[in-house]
Amino acid sequence: MAAEVVVVGSCMTDLVSLTTRLPRAGETILGHKFFIGFGGKGANQCVQSARLGAKTSLICKVGKDSFGNDYVENLKKNAFVGQTADAATGTASIIVNSEGENVVVIVPGANLLLNFEDLKMASDVICKAKVVVCQLEITPAVSLEVLKMARASGAKTLFNPAPALADLDPQFYTHSDIFCCNETEAEILTGIPVGNLEDAGKVGRMLLERGCKLVIVTLGAEGCMMISVEEPIPKHVPAGKVRAMDTTGAGDSFVGALAFYLAYYPKLSIGEMIRNSNYVASVSVQAAGAQSSYPYRKDLPQNLF
């Protein structure tokens with residue numbers, strides 16, 4: 001059976017250090033815990049979607065190294081994983097403080113070698129999907145080609161412009177059915193700092209003018225702001241209050257959950273899909289790590305399904 005949710009994107013090995021606070025420039029501080037986890041926006045979004053019950057497929061590239069071998073093992077089923085000897089597996093060095101805030105340095109490595117040839121090999125999978133998800137941790141031209149392939153075959157496209165590019169190709173806006181960014185990415189894309197809901201609304205309107213159909217700006221603990229061509233008045237969808245332990249990968253949990261609802265519950269209003277996805281992401285911030293913190297369907301309230 002064909003995958004309903006297809007994610008084309010990155011796999012990273014997360015190297016995570018937990019500290020009481022983030023270091024200043026030039027400062028060495030003591031951490032109290034270190035662990036290695038599976039991350040990368042593409043893989044994260046795919047894993048969260050799958051844990052909610054989606055039939056998923058991930059198209060990605062890793063290095064021929066120990067991190068890459070571990071990732072291939074992690075993704076055993078439903079993944080088009082290319083391995084290359086020309087670059088190392090992508091890594092993310094993450095420092096998390098006691099409030100759950102983080103700083104991250106990513107080295108994409110093999111992710112940037114995912115190419116048009118790979119897309120050709122996976123075209124059958126991409127074209128049979130109901131929802132196709134992309135980000136920017138792989139070569140942007142490759143992500144754009146995926147969105148075009150998905151559009152041509154009638155799939156819904158969900159684009160997460162992360163990490164954001166100030167000079168993003170305008171075609172990304174017109175080929176995204178849903179354009180989902182956080183407040184930092186929104187500022188890079190539009191030049192408008194997002195400090196409150198009103199700012200998020202301004203950003204949303206600007207992105208609609210660039211050709212987006214529906215824009216979601218995620219606002220961390222404040223939930224989301226959504227605006228669309230059909231409903232051009234910005235709407236706030238709040239998130240429930242939780243105590244965050246580690247916010248790493250929360251945005252990917254949200255995107256993965258949203259992809260699941262778009263594919264399996266298309267009759268729900270977009271507001272309800274966002275509310276449910278907010279809930280899933282709020283569970284993820286209460287545990288450490290990215291994929292290691294993502295909830296399974298059986299552990300969530302059944303009224304979400």
# chains A, B, ... in the order shown; residues from 1 in each chain; ligands from 1
>>> residues_around(residues="A:Lys130", least_positions_apart="2", cutoff="12 Å", atoms="only C-alpha atoms", output="PyMOL selection string")
chain A and resi 2-7+54-57+125-128+132-133+150-151+153-158+259-266
>>> write_last_selection(atoms="N, CA and C atoms", output="JSON list (two decimals), in the first residue's frame")
[["chain", "number", "residue", "atom", "x", "y", "z"],
["A", 2, "ALA", "N", 0.50, 2.22, -0.83],
["A", 2, "ALA", "CA", 1.31, 3.43, -0.96],
["A", 2, "ALA", "C", 1.30, 4.25, 0.33],
["A", 3, "ALA", "N", 2.40, 4.95, 0.57],
["A", 3, "ALA", "CA", 2.48, 5.84, 1.74],
["A", 3, "ALA", "C", 1.56, 7.03, 1.51],
["A", 4, "GLU", "N", 0.78, 7.39, 2.53],
["A", 4, "GLU", "CA", -0.13, 8.55, 2.43],
["A", 4, "GLU", "C", 0.62, 9.85, 2.71],
["A", 5, "VAL", "N", 1.61, 9.77, 3.61],
["A", 5, "VAL", "CA", 2.42, 10.95, 3.96],
["A", 5, "VAL", "C", 3.85, 10.67, 3.52],
["A", 6, "VAL", "N", 4.37, 11.48, 2.60],
["A", 6, "VAL", "CA", 5.75, 11.33, 2.15],
["A", 6, "VAL", "C", 6.53, 12.59, 2.54],
["A", 7, "VAL", "N", 7.65, 12.36, 3.21],
["A", 7, "VAL", "CA", 8.51, 13.47, 3.62],
["A", 7, "VAL", "C", 9.82, 13.35, 2.86],
["A", 54, "ALA", "N", 0.12, 7.23, 10.68],
["A", 54, "ALA", "CA", 0.21, 7.46, 9.23],
["A", 54, "ALA", "C", 1.09, 6.41, 8.57],
["A", 55, "LYS", "N", 0.70, 6.02, 7.36],
["A", 55, "LYS", "CA", 1.60, 5.19, 6.53],
["A", 55, "LYS", "C", 2.54, 6.19, 5.87],
["A", 56, "THR", "N", 3.81, 6.13, 6.22],
["A", 56, "THR", "CA", 4.75, 7.18, 5.80],
["A", 56, "THR", "C", 5.90, 6.62, 4.97],
["A", 57, "SER", "N", 6.54, 7.53, 4.24],
["A", 57, "SER", "CA", 7.79, 7.20, 3.57],
["A", 57, "SER", "C", 8.70, 8.42, 3.67],
["A", 125, "VAL", "N", 6.65, 6.98, -5.39],
["A", 125, "VAL", "CA", 6.21, 7.15, -4.00],
["A", 125, "VAL", "C", 5.67, 8.57, -3.79],
["A", 126, "ILE", "N", 6.41, 9.56, -4.29],
["A", 126, "ILE", "CA", 6.00, 10.97, -4.13],
["A", 126, "ILE", "C", 4.64, 11.20, -4.79],
["A", 127, "CYS", "N", 4.48, 10.65, -5.99],
["A", 127, "CYS", "CA", 3.27, 10.94, -6.76],
["A", 127, "CYS", "C", 2.02, 10.21, -6.28],
["A", 128, "LYS", "N", 2.19, 9.17, -5.43],
["A", 128, "LYS", "CA", 1.02, 8.46, -4.91],
["A", 128, "LYS", "C", 0.59, 8.97, -3.54],
["A", 132, "VAL", "N", 2.57, 15.68, 0.89],
["A", 132, "VAL", "CA", 4.03, 15.67, 0.72],
["A", 132, "VAL", "C", 4.61, 16.84, 1.52],
["A", 133, "VAL", "N", 5.63, 16.53, 2.32],
["A", 133, "VAL", "CA", 6.21, 17.51, 3.24],
["A", 133, "VAL", "C", 7.67, 17.77, 2.89],
["A", 150, "ALA", "N", 4.72, 16.95, -6.48],
["A", 150, "ALA", "CA", 3.55, 16.63, -5.65],
["A", 150, "ALA", "C", 2.32, 17.36, -6.17],
["A", 151, "ARG", "N", 2.49, 18.64, -6.47],
["A", 151, "ARG", "CA", 1.38, 19.44, -7.00],
["A", 151, "ARG", "C", 0.83, 18.83, -8.29],
["A", 153, "SER", "N", 0.80, 15.88, -9.23],
["A", 153, "SER", "CA", 0.09, 14.61, -9.04],
["A", 153, "SER", "C", -1.13, 14.75, -8.13],
["A", 154, "GLY", "N", -1.42, 15.97, -7.70],
["A", 154, "GLY", "CA", -2.63, 16.21, -6.92],
["A", 154, "GLY", "C", -2.48, 16.03, -5.41],
["A", 155, "ALA", "N", -1.24, 15.89, -4.94],
["A", 155, "ALA", "CA", -1.03, 15.76, -3.48],
["A", 155, "ALA", "C", -1.09, 17.15, -2.84],
["A", 156, "LYS", "N", -1.42, 17.17, -1.55],
["A", 156, "LYS", "CA", -1.36, 18.42, -0.78],
["A", 156, "LYS", "C", 0.09, 18.67, -0.40],
["A", 157, "THR", "N", 0.55, 19.90, -0.53],
["A", 157, "THR", "CA", 1.95, 20.21, -0.19],
["A", 157, "THR", "C", 2.01, 21.01, 1.10],
["A", 158, "LEU", "N", 2.87, 20.54, 2.00],
["A", 158, "LEU", "CA", 3.09, 21.19, 3.30],
["A", 158, "LEU", "C", 4.57, 21.55, 3.35],
["A", 259, "ALA", "N", 0.60, 16.94, 9.09],
["A", 259, "ALA", "CA", 0.61, 16.10, 7.88],
["A", 259, "ALA", "C", -0.31, 14.90, 8.06],
["A", 260, "PHE", "N", -0.26, 14.30, 9.25],
["A", 260, "PHE", "CA", -1.13, 13.16, 9.57],
["A", 260, "PHE", "C", -2.60, 13.55, 9.45],
["A", 261, "TYR", "N", -2.99, 14.66, 10.07],
["A", 261, "TYR", "CA", -4.41, 15.08, 10.03],
["A", 261, "TYR", "C", -4.85, 15.46, 8.61],
["A", 262, "LEU", "N", -3.97, 16.10, 7.85],
["A", 262, "LEU", "CA", -4.32, 16.46, 6.46],
["A", 262, "LEU", "C", -4.59, 15.21, 5.63],
["A", 263, "ALA", "N", -3.81, 14.15, 5.88],
["A", 263, "ALA", "CA", -3.95, 12.92, 5.08],
["A", 263, "ALA", "C", -5.12, 12.07, 5.53],
["A", 264, "TYR", "N", -5.34, 11.99, 6.85],
["A", 264, "TYR", "CA", -6.31, 11.01, 7.37],
["A", 264, "TYR", "C", -7.62, 11.61, 7.85],
["A", 265, "TYR", "N", -7.64, 12.90, 8.15],
["A", 265, "TYR", "CA", -8.87, 13.56, 8.62],
["A", 265, "TYR", "C", -9.15, 14.82, 7.80],
["A", 266, "PRO", "N", -9.23, 14.67, 6.46],
["A", 266, "PRO", "CA", -9.38, 15.86, 5.60],
["A", 266, "PRO", "C", -10.68, 16.64, 5.84]]
>>> residues_around(residues="A:Pro140", least_positions_apart="5", cutoff="9 Å", atoms="only C-alpha atoms", output="PyMOL selection string")
chain A and resi 135+145+168-169
>>> closest_residue(among="A:Val255, A:Leu30, A:Val242, A:Leu219", to="A:Pro161", atoms="only C-alpha atoms")
A:Val255
>>> closest_residue(among="A:Thr247, A:Val229, A:Phe305, A:Gly289", to="A:Leu268", atoms="only C-alpha atoms")
A:Phe305
>>> select_by_dssp(residues="stretch 11-160 of chain A", states="helix (DSSP H, G or I)", output="PyMOL selection string")
chain A and resi 41-51+66-74+109-113+116-121+123-128+140-152
>>> write_last_selection(atoms="C-alpha atoms", output="compact mmCIF listing (two decimals), in the first residue's frame")
# COMPACT_ATOMS: atom_id res chain seq x y z
CA LYS A 41 13.66 17.98 10.34
CA GLY A 42 12.65 15.54 7.62
CA ALA A 43 13.09 12.42 9.73
CA ASN A 44 11.50 14.07 12.78
CA GLN A 45 8.37 15.08 10.89
CA CYS A 46 8.08 11.65 9.31
CA VAL A 47 8.51 9.81 12.63
CA GLN A 48 5.87 11.92 14.40
CA SER A 49 3.40 11.33 11.57
CA ALA A 50 4.08 7.59 11.67
CA ARG A 51 3.64 7.41 15.46
CA SER A 66 28.61 4.80 11.81
CA PHE A 67 25.99 7.55 12.26
CA GLY A 68 24.62 6.77 8.78
CA ASN A 69 24.51 3.01 9.44
CA ASP A 70 22.65 3.64 12.72
CA TYR A 71 20.16 5.86 10.88
CA VAL A 72 19.51 3.25 8.18
CA GLU A 73 18.78 0.79 11.01
CA ASN A 74 16.47 3.34 12.70
CA GLY A 109 26.71 16.88 5.24
CA ALA A 110 25.13 14.14 3.11
CA ASN A 111 21.72 15.83 3.26
CA LEU A 112 22.92 18.33 0.65
CA LEU A 113 23.77 15.47 -1.73
CA PHE A 116 17.23 15.10 -8.74
CA GLU A 117 18.34 11.54 -9.63
CA ASP A 118 17.20 10.39 -6.18
CA LEU A 119 13.83 12.09 -6.75
CA LYS A 120 13.42 10.26 -10.05
CA MET A 121 14.00 6.95 -8.28
CA SER A 123 8.93 9.59 -7.99
CA ASP A 124 6.39 6.77 -7.79
CA VAL A 125 6.21 7.15 -4.00
CA ILE A 126 6.00 10.97 -4.13
CA CYS A 127 3.27 10.94 -6.76
CA LYS A 128 1.02 8.46 -4.91
CA PRO A 140 16.43 24.15 -1.73
CA ALA A 141 16.16 23.40 -5.49
CA VAL A 142 15.52 19.73 -4.62
CA SER A 143 12.76 20.66 -2.15
CA LEU A 144 11.16 22.93 -4.76
CA GLU A 145 11.22 20.14 -7.35
CA VAL A 146 9.47 17.83 -4.85
CA LEU A 147 6.71 20.41 -4.29
CA LYS A 148 6.23 20.72 -8.06
CA MET A 149 6.07 16.91 -8.50
CA ALA A 150 3.55 16.63 -5.65
CA ARG A 151 1.38 19.44 -7.00
CA ALA A 152 1.35 17.91 -10.48
>>> residues_around(residues="A:Gly40", least_positions_apart="3", cutoff="10 Å", atoms="only C-alpha atoms", output="NGL selection string")
:A and (9-14 or 37 or 43-45 or 90-92 or 106 or 108 or 111 or 137 or 249 or 252 or 290-291)
>>> write_last_selection(atoms="all heavy atoms", output="short mmCIF file (atom, residue, chain, number, x, y, z; two decimals), in the first residue's frame")
data_model
loop_
_atom_site.label_atom_id
_atom_site.label_comp_id
_atom_site.auth_asym_id
_atom_site.auth_seq_id
_atom_site.Cartn_x
_atom_site.Cartn_y
_atom_site.Cartn_z
N GLY A 9 13.41 15.00 2.96
CA GLY A 9 14.14 15.94 3.81
C GLY A 9 15.34 15.32 4.49
O GLY A 9 15.91 14.34 4.02
N SER A 10 15.68 15.92 5.62
CA SER A 10 16.96 15.65 6.26
C SER A 10 16.90 14.58 7.34
O SER A 10 15.88 14.39 8.00
CB SER A 10 17.45 16.95 6.89
OG SER A 10 16.46 17.44 7.77
N CYS A 11 18.05 13.92 7.50
CA CYS A 11 18.33 13.06 8.66
C CYS A 11 19.56 13.63 9.33
O CYS A 11 20.56 13.86 8.65
CB CYS A 11 18.67 11.64 8.22
SG CYS A 11 17.33 10.76 7.47
N MET A 12 19.50 13.86 10.61
CA MET A 12 20.67 14.35 11.36
C MET A 12 20.87 13.46 12.58
O MET A 12 19.91 12.95 13.15
CB MET A 12 20.42 15.77 11.89
CG MET A 12 20.11 16.80 10.83
SD MET A 12 21.61 17.54 10.19
CE MET A 12 20.87 18.71 9.06
N THR A 13 22.12 13.33 12.97
CA THR A 13 22.40 12.71 14.26
C THR A 13 22.52 13.85 15.27
O THR A 13 23.33 14.76 15.08
CB THR A 13 23.70 11.89 14.20
OG1 THR A 13 23.51 10.83 13.25
CG2 THR A 13 24.03 11.30 15.56
N ASP A 14 21.69 13.84 16.29
CA ASP A 14 21.68 14.90 17.30
C ASP A 14 22.69 14.58 18.41
O ASP A 14 22.64 13.49 18.99
CB ASP A 14 20.28 15.04 17.93
CG ASP A 14 19.27 15.64 16.98
OD1 ASP A 14 19.67 16.18 15.93
OD2 ASP A 14 18.05 15.59 17.29
N GLY A 37 20.99 11.26 19.68
CA GLY A 37 19.64 10.87 19.26
C GLY A 37 19.48 11.00 17.76
O GLY A 37 20.35 11.53 17.06
N ALA A 43 13.32 13.66 8.99
CA ALA A 43 13.09 12.42 9.73
C ALA A 43 12.16 12.65 10.92
O ALA A 43 11.26 11.85 11.18
CB ALA A 43 14.42 11.84 10.20
N ASN A 44 12.36 13.76 11.63
CA ASN A 44 11.50 14.07 12.78
C ASN A 44 10.03 14.13 12.38
O ASN A 44 9.16 13.53 13.01
CB ASN A 44 11.88 15.42 13.40
CG ASN A 44 13.21 15.40 14.12
OD1 ASN A 44 13.80 14.35 14.32
ND2 ASN A 44 13.67 16.57 14.51
N GLN A 45 9.76 14.89 11.33
CA GLN A 45 8.37 15.08 10.89
C GLN A 45 7.76 13.76 10.46
O GLN A 45 6.60 13.45 10.78
CB GLN A 45 8.32 16.13 9.76
CG GLN A 45 8.70 17.52 10.28
CD GLN A 45 8.98 18.53 9.19
OE1 GLN A 45 8.75 18.28 8.01
NE2 GLN A 45 9.49 19.70 9.58
N GLY A 90 24.70 14.06 8.31
CA GLY A 90 24.45 15.36 8.92
C GLY A 90 24.39 15.27 10.43
O GLY A 90 23.95 14.26 10.99
N THR A 91 24.87 16.32 11.09
CA THR A 91 24.82 16.34 12.55
C THR A 91 24.22 17.65 13.05
O THR A 91 24.31 18.69 12.38
CB THR A 91 26.22 16.21 13.19
OG1 THR A 91 27.06 17.24 12.66
CG2 THR A 91 26.83 14.85 12.94
N ALA A 92 23.64 17.58 14.23
CA ALA A 92 23.15 18.78 14.92
C ALA A 92 23.74 18.75 16.33
O ALA A 92 23.52 17.79 17.07
CB ALA A 92 21.64 18.78 14.97
N ILE A 106 23.82 23.11 12.99
CA ILE A 106 23.68 21.93 12.13
C ILE A 106 24.77 21.92 11.05
O ILE A 106 25.15 22.97 10.54
CB ILE A 106 22.28 21.79 11.48
CG1 ILE A 106 21.97 22.94 10.52
CG2 ILE A 106 21.19 21.63 12.52
CD1 ILE A 106 20.74 22.70 9.67
N PRO A 108 24.93 20.00 7.62
CA PRO A 108 24.05 19.13 6.82
C PRO A 108 24.72 17.92 6.19
O PRO A 108 24.10 16.88 6.01
CB PRO A 108 23.50 20.06 5.73
CG PRO A 108 23.77 21.45 6.23
CD PRO A 108 24.98 21.37 7.11
N ASN A 111 23.06 15.32 3.61
CA ASN A 111 21.72 15.83 3.26
C ASN A 111 21.74 16.67 2.00
O ASN A 111 20.80 16.66 1.20
CB ASN A 111 21.16 16.66 4.42
CG ASN A 111 20.76 15.80 5.60
OD1 ASN A 111 19.85 15.00 5.51
ND2 ASN A 111 21.48 15.96 6.71
N GLU A 137 16.55 21.76 4.96
CA GLU A 137 17.82 21.20 5.41
C GLU A 137 18.46 20.34 4.32
O GLU A 137 19.51 19.76 4.52
CB GLU A 137 17.65 20.39 6.70
CG GLU A 137 17.48 21.28 7.93
CD GLU A 137 17.38 20.52 9.24
OE1 GLU A 137 17.04 19.32 9.24
OE2 GLU A 137 17.61 21.15 10.29
N GLY A 249 12.87 19.99 18.52
CA GLY A 249 12.02 19.17 17.65
C GLY A 249 10.53 19.38 17.81
O GLY A 249 9.73 18.70 17.18
N ASP A 252 8.83 20.31 14.60
CA ASP A 252 8.73 19.16 13.69
C ASP A 252 7.61 18.22 14.14
O ASP A 252 6.93 17.61 13.30
CB ASP A 252 10.05 18.39 13.66
CG ASP A 252 11.19 19.22 13.10
OD1 ASP A 252 10.92 20.11 12.28
OD2 ASP A 252 12.35 18.99 13.49
N ALA A 290 14.48 14.90 20.47
CA ALA A 290 13.53 15.17 19.38
C ALA A 290 12.64 13.94 19.21
O ALA A 290 11.63 13.80 19.90
CB ALA A 290 14.28 15.51 18.10
N GLN A 291 13.04 12.99 18.36
CA GLN A 291 12.20 11.81 18.12
C GLN A 291 11.91 11.03 19.40
O GLN A 291 10.83 10.46 19.56
CB GLN A 291 12.86 10.90 17.08
CG GLN A 291 12.90 11.53 15.70
CD GLN A 291 13.71 10.72 14.71
OE1 GLN A 291 13.84 9.51 14.82
NE2 GLN A 291 14.28 11.39 13.72
#
>>> atom_distance(atom1="atom CA of A:Ile274", atom2="atom CA of A:Val96")
26.4 Å
>>> residues_around(residues="stretch 181-189 of chain A", least_positions_apart="2", cutoff="9 Å", atoms="only C-alpha atoms", output="list in words")
Phe159, Asn160, Pro161, Ala162, Pro163, Ala164, Leu165, Ala166, Asp167, Leu168, Phe179, Gly191, Ile192, Pro193, Val194, Gly195, Ala200, Val203, Gly204, Leu207, Val215, Ile216, Val217, Thr218, Leu219, Gly220, Cys224 and Gly251 of chain A
>>> select_by_dssp(residues="stretch 37-150 of chain A", states="strand (DSSP E)", output="PyMOL selection string")
chain A and resi 37-39+56-63+79-84+90-96+102-107+131-134
>>> closest_residue(among="A:Tyr173, A:Thr190, A:Ala239, A:Ala250", to="A:Cys212", atoms="only C-alpha atoms")
A:Tyr173
>>> residues_around(residues="A:Asn276", least_positions_apart="5", cutoff="9 Å", atoms="only C-alpha atoms", output="compact mmCIF listing (two decimals) with C-alpha atoms, in the first residue's frame")
# COMPACT_ATOMS: atom_id res chain seq x y z
CA PHE A 254 3.67 19.91 15.03
CA ALA A 257 1.07 15.79 13.27
CA LEU A 258 -0.45 18.29 10.84
CA TYR A 261 -4.41 15.08 10.03
CA GLY A 271 -8.40 25.11 12.95
CA ALA A 281 3.68 19.05 20.07
CA LEU A 304 -7.72 13.43 18.94
>>> residues_around(residues="A:Ile95", least_positions_apart="6", cutoff="9 Å", atoms="only C-alpha atoms", output="list in words")
Leu15, Val16, Ser17, Leu18, Thr19, Arg21, Leu22, Pro23, Gly31, Glu101, Asn102, Val103 and Val104 of chain A
>>> atom_distance(atom1="atom CA of A:Glu198", atom2="atom CA of A:Thr174")
23.9 Å
>>> closest_residue(among="A:Met273, A:Val285, A:Ile178, A:Ala244", to="A:Leu214", atoms="only C-alpha atoms")
A:Ile178
>>> decode(residues="stretch 240-250 of chain A", atoms="all heavy atoms", output="PDB file, in the first residue's frame")
ATOM      1  N   GLY A 240      -2.261  24.563  24.873  1.00  0.00           N
ATOM      2  CA  GLY A 240      -2.429  24.339  26.310  1.00  0.00           C
ATOM      3  C   GLY A 240      -1.118  24.625  27.047  1.00  0.00           C
ATOM      4  O   GLY A 240      -0.037  24.491  26.475  1.00  0.00           O
ATOM      5  N   LYS A 241      -1.221  25.027  28.286  1.00  0.00           N
ATOM      6  CA  LYS A 241      -0.017  25.353  29.079  1.00  0.00           C
ATOM      7  C   LYS A 241       0.615  24.066  29.635  1.00  0.00           C
ATOM      8  O   LYS A 241      -0.068  23.256  30.246  1.00  0.00           O
ATOM      9  CB  LYS A 241      -0.382  26.275  30.252  1.00  0.00           C
ATOM     10  CG  LYS A 241      -0.833  27.669  29.808  1.00  0.00           C
ATOM     11  CD  LYS A 241       0.362  28.575  29.513  1.00  0.00           C
ATOM     12  CE  LYS A 241      -0.066  29.903  28.905  1.00  0.00           C
ATOM     13  NZ  LYS A 241      -0.206  29.898  27.439  1.00  0.00           N
ATOM     14  N   VAL A 242       1.910  23.912  29.392  1.00  0.00           N
ATOM     15  CA  VAL A 242       2.636  22.751  29.935  1.00  0.00           C
ATOM     16  C   VAL A 242       3.996  23.230  30.446  1.00  0.00           C
ATOM     17  O   VAL A 242       4.452  24.313  30.088  1.00  0.00           O
ATOM     18  CB  VAL A 242       2.864  21.633  28.878  1.00  0.00           C
ATOM     19  CG1 VAL A 242       1.550  21.035  28.413  1.00  0.00           C
ATOM     20  CG2 VAL A 242       3.683  22.135  27.690  1.00  0.00           C
ATOM     21  N   ARG A 243       4.639  22.400  31.262  1.00  0.00           N
ATOM     22  CA  ARG A 243       6.002  22.721  31.720  1.00  0.00           C
ATOM     23  C   ARG A 243       6.975  22.088  30.732  1.00  0.00           C
ATOM     24  O   ARG A 243       7.068  20.862  30.625  1.00  0.00           O
ATOM     25  CB  ARG A 243       6.198  22.155  33.139  1.00  0.00           C
ATOM     26  CG  ARG A 243       7.654  22.111  33.580  1.00  0.00           C
ATOM     27  CD  ARG A 243       7.947  23.108  34.687  1.00  0.00           C
ATOM     28  NE  ARG A 243       9.318  22.957  35.176  1.00  0.00           N
ATOM     29  CZ  ARG A 243      10.339  23.723  34.781  1.00  0.00           C
ATOM     30  NH1 ARG A 243      10.161  24.656  33.875  1.00  0.00           N
ATOM     31  NH2 ARG A 243      11.537  23.556  35.293  1.00  0.00           N
ATOM     32  N   ALA A 244       7.702  22.946  29.983  1.00  0.00           N
ATOM     33  CA  ALA A 244       8.618  22.428  28.958  1.00  0.00           C
ATOM     34  C   ALA A 244       9.915  21.942  29.582  1.00  0.00           C
ATOM     35  O   ALA A 244      10.534  22.634  30.382  1.00  0.00           O
ATOM     36  CB  ALA A 244       8.912  23.515  27.934  1.00  0.00           C
ATOM     37  N   MET A 245      10.300  20.731  29.168  1.00  0.00           N
ATOM     38  CA  MET A 245      11.588  20.190  29.609  1.00  0.00           C
ATOM     39  C   MET A 245      12.642  20.391  28.512  1.00  0.00           C
ATOM     40  O   MET A 245      13.789  20.694  28.773  1.00  0.00           O
ATOM     41  CB  MET A 245      11.427  18.693  29.919  1.00  0.00           C
ATOM     42  CG  MET A 245      12.715  18.010  30.290  1.00  0.00           C
ATOM     43  SD  MET A 245      12.402  16.249  30.532  1.00  0.00           S
ATOM     44  CE  MET A 245      14.078  15.658  30.653  1.00  0.00           C
ATOM     45  N   ASP A 246      12.215  20.199  27.243  1.00  0.00           N
ATOM     46  CA  ASP A 246      13.139  20.326  26.110  1.00  0.00           C
ATOM     47  C   ASP A 246      12.311  20.601  24.864  1.00  0.00           C
ATOM     48  O   ASP A 246      11.516  19.763  24.440  1.00  0.00           O
ATOM     49  CB  ASP A 246      13.946  19.024  25.958  1.00  0.00           C
ATOM     50  CG  ASP A 246      14.947  19.066  24.800  1.00  0.00           C
ATOM     51  OD1 ASP A 246      15.020  20.101  24.110  1.00  0.00           O
ATOM     52  OD2 ASP A 246      15.647  18.064  24.590  1.00  0.00           O
ATOM     53  N   THR A 247      12.489  21.783  24.268  1.00  0.00           N
ATOM     54  CA  THR A 247      11.668  22.166  23.106  1.00  0.00           C
ATOM     55  C   THR A 247      12.274  21.687  21.776  1.00  0.00           C
ATOM     56  O   THR A 247      11.702  21.949  20.716  1.00  0.00           O
ATOM     57  CB  THR A 247      11.490  23.698  23.050  1.00  0.00           C
ATOM     58  OG1 THR A 247      12.795  24.306  23.051  1.00  0.00           O
ATOM     59  CG2 THR A 247      10.698  24.211  24.236  1.00  0.00           C
ATOM     60  N   THR A 248      13.414  20.983  21.825  1.00  0.00           N
ATOM     61  CA  THR A 248      14.051  20.499  20.587  1.00  0.00           C
ATOM     62  C   THR A 248      13.062  19.639  19.792  1.00  0.00           C
ATOM     63  O   THR A 248      12.499  18.689  20.320  1.00  0.00           O
ATOM     64  CB  THR A 248      15.299  19.642  20.906  1.00  0.00           C
ATOM     65  OG1 THR A 248      16.157  20.390  21.754  1.00  0.00           O
ATOM     66  CG2 THR A 248      16.043  19.267  19.635  1.00  0.00           C
ATOM     67  N   GLY A 249      12.872  19.992  18.523  1.00  0.00           N
ATOM     68  CA  GLY A 249      12.021  19.175  17.648  1.00  0.00           C
ATOM     69  C   GLY A 249      10.532  19.379  17.815  1.00  0.00           C
ATOM     70  O   GLY A 249       9.732  18.695  17.178  1.00  0.00           O
ATOM     71  N   ALA A 250      10.111  20.360  18.647  1.00  0.00           N
ATOM     72  CA  ALA A 250       8.669  20.566  18.869  1.00  0.00           C
ATOM     73  C   ALA A 250       7.973  21.037  17.592  1.00  0.00           C
ATOM     74  O   ALA A 250       6.864  20.605  17.273  1.00  0.00           O
ATOM     75  CB  ALA A 250       8.452  21.577  19.994  1.00  0.00           C
TER      76      ALA A 250
END
